[in-house]
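Dumped model_23.csv below, it's CSV, C-alpha atoms and all ligand atoms:
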```csv
chain,number,residue,atom,x,y,z
A,468,MET,CA,-21.3,3.3,27.7
A,469,LEU,CA,-24.5,4.0,25.7
A,470,TYR,CA,-24.5,4.7,22.0
A,471,ILE,CA,-26.1,7.8,20.5
A,472,HIS,CA,-27.2,6.4,17.2
A,473,LYS,CA,-27.5,3.0,15.5
A,474,GLU,CA,-28.0,2.2,11.8
A,475,LYS,CA,-27.4,-0.7,9.3
A,476,ILE,CA,-24.5,-0.2,6.9
A,477,GLU,CA,-24.1,-3.0,4.4
A,478,ASN,CA,-24.5,-6.1,6.5
A,479,TYR,CA,-23.0,-4.4,9.6
A,480,GLU,CA,-24.8,-3.0,12.6
A,481,CYS,CA,-23.1,0.4,13.2
A,482,TYR,CA,-23.1,2.0,16.7
A,483,GLU,CA,-22.1,5.6,17.0
A,484,PHE,CA,-20.8,6.9,20.4
A,485,GLU,CA,-20.1,10.4,21.6
A,486,GLU,CA,-16.8,9.5,23.2
A,487,LEU,CA,-14.7,6.4,23.6
A,488,ALA,CA,-11.1,5.7,24.6
A,489,SER,CA,-10.5,4.0,21.2
A,490,THR,CA,-13.0,2.4,18.8
A,491,ASN,CA,-10.5,-0.5,18.5
A,492,ASP,CA,-10.9,-1.2,22.2
A,493,GLU,CA,-14.7,-1.1,22.0
A,494,ILE,CA,-14.9,-3.5,19.0
A,495,LYS,CA,-12.8,-5.9,21.1
A,496,ASN,CA,-15.5,-5.8,23.8
A,497,ILE,CA,-18.5,-6.8,21.7
A,498,LYS,CA,-20.2,-10.0,23.0
A,499,ASP,CA,-20.7,-11.9,19.8
A,500,LEU,CA,-17.7,-11.5,17.5
A,501,SER,CA,-19.5,-13.3,14.7
A,502,LEU,CA,-22.0,-10.4,14.3
A,503,PRO,CA,-20.6,-7.9,11.8
A,504,THR,CA,-20.3,-4.7,13.9
A,505,ILE,CA,-19.0,-1.2,13.3
A,506,ILE,CA,-18.1,1.1,16.2
A,507,THR,CA,-17.6,4.8,15.5
A,508,ALA,CA,-17.1,7.7,17.9
A,509,LEU,CA,-17.2,11.5,17.5
A,510,LYS,CA,-14.3,11.7,19.9
A,511,GLN,CA,-11.5,9.3,21.0
A,512,THR,CA,-9.6,10.1,24.1
A,513,HIS,CA,-6.9,7.5,23.6
A,514,GLY,CA,-6.8,7.0,19.8
A,515,ARG,CA,-3.8,5.1,18.8
A,516,GLY,CA,-1.8,4.6,15.6
A,517,LYS,CA,0.8,2.1,14.4
A,518,ARG,CA,3.9,1.4,16.6
A,519,GLY,CA,2.3,2.9,19.7
A,520,ASN,CA,1.9,6.4,18.2
A,521,THR,CA,-1.0,8.6,19.3
A,522,TRP,CA,-3.7,9.2,16.7
A,523,GLU,CA,-4.7,12.8,17.3
A,524,GLN,CA,-8.3,13.8,17.9
A,525,VAL,CA,-10.0,16.4,15.8
A,526,LEU,CA,-13.8,16.9,16.0
A,527,GLY,CA,-15.4,16.1,12.6
A,528,ASN,CA,-12.8,13.6,11.5
A,529,LEU,CA,-13.8,9.9,11.2
A,530,TYR,CA,-12.8,7.2,13.6
A,531,PHE,CA,-14.2,3.7,13.3
A,532,SER,CA,-13.5,0.1,13.8
A,533,TYR,CA,-15.1,-3.1,12.6
A,534,ASN,CA,-14.7,-6.8,13.0
A,535,ILE,CA,-13.8,-9.5,10.5
A,536,GLU,CA,-13.1,-13.2,10.7
A,537,LEU,CA,-10.1,-14.3,8.7
A,538,SER,CA,-7.2,-16.7,8.8
A,539,PRO,CA,-3.9,-15.0,9.7
A,540,LYS,CA,-2.4,-16.3,6.5
A,541,ASP,CA,-4.8,-14.0,4.6
A,542,LEU,CA,-4.2,-10.9,6.7
A,543,SER,CA,-1.6,-9.2,4.3
A,544,LYS,CA,-4.3,-9.5,1.5
A,545,LEU,CA,-6.9,-7.9,3.7
A,546,VAL,CA,-4.5,-5.0,4.4
A,547,CYS,CA,-4.4,-4.4,0.6
A,548,ILE,CA,-8.2,-4.6,0.3
A,549,VAL,CA,-8.8,-2.1,3.1
A,550,GLY,CA,-6.2,0.4,1.6
A,551,LEU,CA,-7.7,0.0,-1.9
A,552,SER,CA,-11.3,0.5,-0.6
A,553,LEU,CA,-10.2,3.8,1.1
A,554,ALA,CA,-8.3,5.0,-2.0
A,555,LYS,CA,-11.2,4.2,-4.3
A,556,THR,CA,-13.7,6.0,-2.0
A,557,ILE,CA,-11.6,9.2,-2.1
A,558,LYS,CA,-11.0,8.9,-5.8
A,559,GLU,CA,-14.8,8.5,-6.4
A,560,LEU,CA,-15.5,11.6,-4.3
A,561,SER,CA,-13.1,13.7,-6.3
A,562,PRO,CA,-11.7,12.1,-9.4
A,563,SER,CA,-9.1,14.8,-10.0
A,564,LEU,CA,-7.2,14.2,-6.8
A,565,ASP,CA,-3.9,12.4,-6.8
A,566,VAL,CA,-4.7,9.5,-4.6
A,567,LYS,CA,-2.1,6.9,-3.7
A,568,ILE,CA,-1.6,3.9,-1.4
A,569,LYS,CA,1.7,3.9,0.3
A,570,TRP,CA,2.5,0.3,1.0
A,571,PRO,CA,1.1,-1.4,2.9
A,572,ASN,CA,-1.9,0.7,3.5
A,573,ASP,CA,-1.4,4.5,4.2
A,574,VAL,CA,-3.6,6.5,1.9
A,575,MET,CA,-2.0,9.6,0.5
A,576,VAL,CA,-3.4,12.6,-1.3
A,577,ASN,CA,-0.9,14.9,-3.0
A,578,ASN,CA,1.9,13.1,-1.1
A,579,ASN,CA,0.3,13.8,2.3
A,580,LYS,CA,-1.3,11.2,4.5
A,581,ILE,CA,-5.1,11.4,4.8
A,582,SER,CA,-5.9,8.1,6.4
A,583,GLY,CA,-4.4,5.4,8.6
A,584,ILE,CA,-5.3,1.8,9.4
A,585,LEU,CA,-4.6,-0.2,12.5
A,586,ILE,CA,-5.3,-3.9,12.4
A,587,GLU,CA,-5.3,-5.7,15.7
A,588,ASN,CA,-6.1,-9.3,16.7
A,589,ILE,CA,-9.2,-9.6,18.9
A,590,LYS,CA,-9.0,-13.4,19.5
A,591,ASP,CA,-8.5,-16.5,17.4
A,592,ASN,CA,-9.3,-15.6,13.8
A,593,TYR,CA,-11.2,-12.4,14.7
A,594,TRP,CA,-9.6,-9.0,13.8
A,595,ALA,CA,-10.3,-5.4,14.6
A,596,LEU,CA,-9.9,-3.1,11.6
A,597,GLY,CA,-9.5,0.4,12.9
A,598,ILE,CA,-9.5,3.3,10.5
A,599,GLY,CA,-9.0,7.1,10.9
A,600,VAL,CA,-9.8,9.5,8.0
A,601,ASN,CA,-9.0,13.2,8.1
A,602,ILE,CA,-12.3,14.7,7.0
A,603,VAL,CA,-12.2,18.2,8.3
A,604,ALA,CA,-8.6,18.9,9.4
A,605,SER,CA,-5.2,17.4,9.5
A,606,PRO,CA,-3.5,17.0,12.9
A,607,ASN,CA,0.3,17.3,13.0
A,608,ILE,CA,1.8,13.9,12.5
A,609,ASN,CA,5.0,12.7,14.1
A,610,ASN,CA,6.8,12.1,10.9
A,611,THR,CA,9.5,14.3,9.3
A,612,TYR,CA,8.9,12.8,5.8
A,613,TYR,CA,5.2,13.2,5.3
A,614,GLN,CA,2.7,15.7,6.4
A,615,ALA,CA,-1.0,15.2,6.9
A,616,THR,CA,-3.9,16.5,4.9
A,617,SER,CA,-7.7,16.3,5.0
A,618,LEU,CA,-10.5,16.0,2.5
A,619,LYS,CA,-11.6,19.5,3.4
A,620,GLU,CA,-8.1,20.9,2.6
A,621,GLN,CA,-8.4,19.0,-0.7
A,622,GLY,CA,-11.7,20.7,-1.5
A,623,VAL,CA,-14.0,17.8,-0.6
A,624,THR,CA,-16.8,18.6,1.9
A,625,LEU,CA,-18.8,15.7,3.3
A,626,ASP,CA,-20.1,14.4,6.6
A,627,ARG,CA,-17.9,11.7,8.3
A,628,MET,CA,-20.8,9.3,8.4
A,629,ASP,CA,-21.4,9.6,4.6
A,630,PHE,CA,-17.7,8.8,4.1
A,631,LEU,CA,-18.2,5.7,6.3
A,632,ARG,CA,-21.2,4.6,4.3
A,633,TYR,CA,-19.3,5.0,0.9
A,634,TYR,CA,-16.3,3.2,2.3
A,635,MET,CA,-18.2,0.2,3.6
A,636,LYS,CA,-20.0,-0.1,0.2
A,637,ASN,CA,-16.6,-0.2,-1.5
A,638,PHE,CA,-15.1,-2.5,1.1
A,639,SER,CA,-18.0,-5.0,0.9
A,640,ASN,CA,-17.7,-5.0,-3.0
A,641,TYR,CA,-14.0,-5.6,-3.0
A,642,TYR,CA,-14.1,-8.2,-0.3
A,643,LYS,CA,-16.9,-10.1,-2.2
A,644,LYS,CA,-14.8,-9.8,-5.4
A,645,TYR,CA,-11.8,-11.2,-3.5
A,646,LEU,CA,-13.8,-14.2,-2.1
A,647,GLU,CA,-15.3,-14.9,-5.5
A,648,LEU,CA,-12.4,-14.3,-7.9
A,649,GLY,CA,-9.3,-14.3,-5.7
A,650,PHE,CA,-6.6,-11.8,-5.0
A,651,ASP,CA,-5.5,-11.1,-8.6
A,652,VAL,CA,-8.2,-8.5,-9.3
A,653,ILE,CA,-7.4,-6.7,-6.1
A,654,LYS,CA,-3.7,-6.7,-6.8
A,655,LYS,CA,-4.2,-5.2,-10.2
A,656,GLU,CA,-6.3,-2.3,-8.9
A,657,TRP,CA,-4.1,-1.8,-5.9
A,658,LEU,CA,-1.0,-1.4,-8.2
A,659,GLU,CA,-2.8,1.3,-10.1
A,660,PHE,CA,-2.8,3.3,-6.8
A,661,ALA,CA,0.7,2.3,-5.7
A,662,PHE,CA,2.8,5.2,-4.4
A,663,LYS,CA,6.3,5.2,-6.0
A,664,LEU,CA,5.8,1.9,-8.0
A,665,HIS,CA,8.9,1.4,-10.2
A,666,ASN,CA,10.8,4.0,-8.3
A,667,THR,CA,13.7,3.8,-5.9
A,668,ILE,CA,12.4,3.5,-2.3
A,669,THR,CA,13.7,2.7,1.1
A,670,ILE,CA,12.0,0.2,3.4
A,671,GLN,CA,12.7,0.6,7.1
A,672,ASN,CA,11.8,-1.6,10.0
A,673,GLU,CA,13.2,-1.7,13.6
A,674,LYS,CA,16.3,-3.5,12.6
A,675,THR,CA,17.1,-2.8,8.9
A,676,SER,CA,16.9,-0.3,6.1
A,677,LYS,CA,16.8,-1.5,2.5
A,678,LYS,CA,17.0,0.5,-0.6
A,679,GLY,CA,15.9,-0.7,-4.0
A,680,GLU,CA,13.3,-0.5,-6.8
A,681,PHE,CA,9.7,-1.2,-5.9
A,682,ILE,CA,8.9,-3.8,-8.5
A,683,THR,CA,5.4,-5.0,-7.6
A,684,ILE,CA,3.4,-6.7,-4.8
A,685,ASP,CA,3.1,-10.5,-4.8
A,686,ASP,CA,0.1,-12.8,-4.5
A,687,ASN,CA,0.0,-12.2,-0.7
A,688,GLY,CA,0.3,-8.4,-0.9
A,689,TYR,CA,4.0,-8.4,0.1
A,690,LEU,CA,6.3,-5.8,-1.5
A,691,ILE,CA,8.9,-7.0,-4.0
A,692,LEU,CA,12.1,-4.9,-3.9
A,693,LYS,CA,14.9,-5.2,-6.4
A,694,THR,CA,18.3,-4.8,-4.7
A,695,ASN,CA,21.6,-5.5,-6.5
A,696,ASN,CA,19.9,-7.4,-9.3
A,697,LYS,CA,18.1,-9.7,-6.9
A,698,GLN,CA,14.5,-9.6,-5.8
A,699,GLU,CA,13.5,-9.6,-2.2
A,700,LYS,CA,10.1,-10.1,-0.6
A,701,ILE,CA,9.4,-7.5,2.1
A,702,ILE,CA,6.8,-8.6,4.6
A,703,ALA,CA,6.7,-5.6,6.9
A,704,GLY,CA,8.2,-2.1,7.2
A,705,ASP,CA,7.7,1.6,6.4
A,706,LEU,CA,8.2,3.0,2.9
A,707,PHE,CA,10.3,6.1,2.4
A,708,ILE,CA,11.5,7.9,-0.7
B,801,LIG,C1,-1.7,4.7,11.6
B,801,LIG,O1,-0.8,4.9,12.5
B,801,LIG,O2,-1.5,5.1,10.5
B,801,LIG,C2,-3.0,4.0,12.0
B,801,LIG,C3,-4.0,4.9,12.6
B,801,LIG,C4,-5.3,4.3,13.0
B,801,LIG,C5,-6.3,5.2,13.7
B,801,LIG,C6,-7.6,4.6,13.9
B,801,LIG,S1,-8.8,5.8,14.4
B,801,LIG,C7,-10.0,4.5,14.7
B,801,LIG,C8,-9.2,3.3,15.4
B,801,LIG,N1,-9.1,3.6,16.8
B,801,LIG,C9,-7.9,3.8,17.2
B,801,LIG,O3,-7.5,4.0,18.4
B,801,LIG,N2,-7.0,3.7,16.1
B,801,LIG,C10,-7.7,3.5,14.9
```
Show me this structure written as structure tokens.
Amino acid sequence: MLYIHKEKIENYECYEFEELASTNDEIKNIKDLSLPTIITALKQTHGRGKRGNTWEQVLGNLYFSYNIELSPKDLSKLVCIVGLSLAKTIKELSPSLDVKIKWPNDVMVNNNKISGILIENIKDNYWALGIGVNIVASPNINNTYYQATSLKEQGVTLDRMDFLRYYMKNFSNYYKKYLELGFDVIKKEWLEFAFKLHNTITIQNEKTSKKGEFITIDDNGYLILKTNNKQEKIIAGDLFI
């Protein structure tokens, strides 16, 4: 399929398509995975979310994926860097908004989800980072606990490509900081955005449900939950209140 527009964003070559099945699939098809590439589309016909959910299509919202090379042991930290970069971008656009990151990386505004991230392996140490941001409208999400919102509903009007440029600037800065100074700086800023930090939360995954106090994240970005006076490290799961 042919792209409709191409531009340089940070050190990435960004290709914009009219319609794709999923930008995550397209990024997996690029020939040279070592070239930093962004794929974005006005429309996804088979956009997908976490756990096989559908990511609904709304014209004007932002859908993009980019590639990154990283050892699997650092993936949980990358998840935090991506969430932090998104939260920071939204906060900079409108400082009065209540922007939070729901561990590990859902971005919330006024308790409603505004953005989702899907990280998939391409091959070896190459990863596809797929991000959806509700710019103009919020589709219904299949979740009884949280509703969705959009930047427009929150009083922020901007073009999807401008959001992408802001986000990539923040991501490149944070990633550079992480490589130069380590995860500590990221962790500190991430915790300032943490949804329900020091509150009682429930973490659910396919098999278990654990209730406790959200103490912090550790040096890998894993959640530390205090249950019955002992601290447990949570590697994966969904956070509920
Ligand atoms: C989630 O369930 O929260 C993750 C949603 C990720 C959606 C984005 S949109 C761009 C990229 N392409 C996809 O098919 N999914 C991701």
Env. residues ligand LIG 801 (chain B) / 9 Å / all atoms listed in the file / as an MDAnalysis selection string: chainID A and resid 488:493 506:508 511:524 529:532 572:574 580 582:586 595:600
Within 8 Å of region 628-632 of chain A using only C-alpha atoms, minus same-chain residues under 3 positions, as a list of chain:residue names: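 Counting only the stated atoms, we get A:Ile476, A:Leu529, A:Thr556, A:Leu625, A:Met635, A:Lys636.
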Enumerate, in order of chain and increasing residue number, the residues of region 483-582 of chain A with an atom no farther than 12 Å from region 654-671 of chain A, each with its shortest atom pair and distance in Å to one decimal, counting all atoms listed in the file, as a tab-separated table.
```
residue	atom	partner	partner_atom	distance
A:Ser543	CA	A:Lys654	CA	11.6
A:Lys544	CA	A:Lys654	CA	8.8
A:Leu545	CA	A:Lys654	CA	11.0
A:Val546	CA	A:Trp657	CA	10.8
A:Cys547	CA	A:Trp657	CA	7.0
A:Ile548	CA	A:Trp657	CA	7.9
A:Val549	CA	A:Trp657	CA	10.2
A:Gly550	CA	A:Trp657	CA	8.1
A:Leu551	CA	A:Trp657	CA	5.7
A:Ser552	CA	A:Trp657	CA	9.2
A:Leu553	CA	A:Phe660	CA	10.8
A:Ala554	CA	A:Phe660	CA	7.5
A:Lys555	CA	A:Phe660	CA	8.8
A:Ile557	CA	A:Phe660	CA	11.6
A:Lys558	CA	A:Phe660	CA	10.0
A:Leu564	CA	A:Phe660	CA	11.8
A:Asp565	CA	A:Phe660	CA	9.2
A:Val566	CA	A:Phe660	CA	6.8
A:Lys567	CA	A:Phe660	CA	4.8
A:Ile568	CA	A:Ala661	CA	5.1
A:Lys569	CA	A:Phe662	CA	5.0
A:Trp570	CA	A:Ala661	CA	7.2
A:Pro571	CA	A:Ala661	CA	9.4
A:Asn572	CA	A:Ala661	CA	9.7
A:Asp573	CA	A:Phe662	CA	9.6
A:Val574	CA	A:Phe662	CA	9.1
A:Met575	CA	A:Phe662	CA	8.1
A:Val576	CA	A:Phe662	CA	10.1
A:Asn577	CA	A:Phe662	CA	10.5
A:Asn578	CA	A:Phe662	CA	8.6
A:Asn579	CA	A:Phe662	CA	11.2
A:Lys580	CA	A:Phe662	CA	11.5
```
Point-to-point distance in Å for CA of Lys643 (chain A) and CA of Arg627 (chain A):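 Going from CA of Arg627 (chain A) over to CA of Lys643 (chain A) covers 24.2 Å.
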Top pick for closest residue to Val603 (chain A), considering A:Val525, A:Leu542, A:Asn478, A:Pro562 and counting only C-alpha atoms: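 Of the candidates, the smallest distance to Val603 (chain A) is held by A:Val525.
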Atomic separation - CA of Leu560 (chain A) relative to CA of Glu587 (chain A), Å: 28.3 Å
Interatomic distance (Å, one decimal) between CA of Ile701 (chain A) and CA of Ile653 (chain A):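 Atom-to-atom, CA of Ile701 (chain A) to CA of Ile653 (chain A), that is 18.7 Å.
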Nearest to Asp541 (chain A), chosen from A:Tyr612, A:Tyr634, A:Tyr470, A:Tyr689, with all atoms listed in the file counted in the distances: A:Tyr689
Could the centre and edge lengths of an axis-aligned box, enclosing all atoms of region 685-701 of chain A in the file with 4 Å extra on each side, be given in Å to one decimal as JSON?
```
{"center_x": 10.8, "center_y": -8.8, "center_z": -3.6, "size_x": 29.6, "size_y": 16.0, "size_z": 19.4}
```
Given all atoms listed in the file as the counted atoms, nearest of A:Asn534, A:Asn528, A:Ser676, A:Asn588 to Ile497 (chain A): A:Asn534
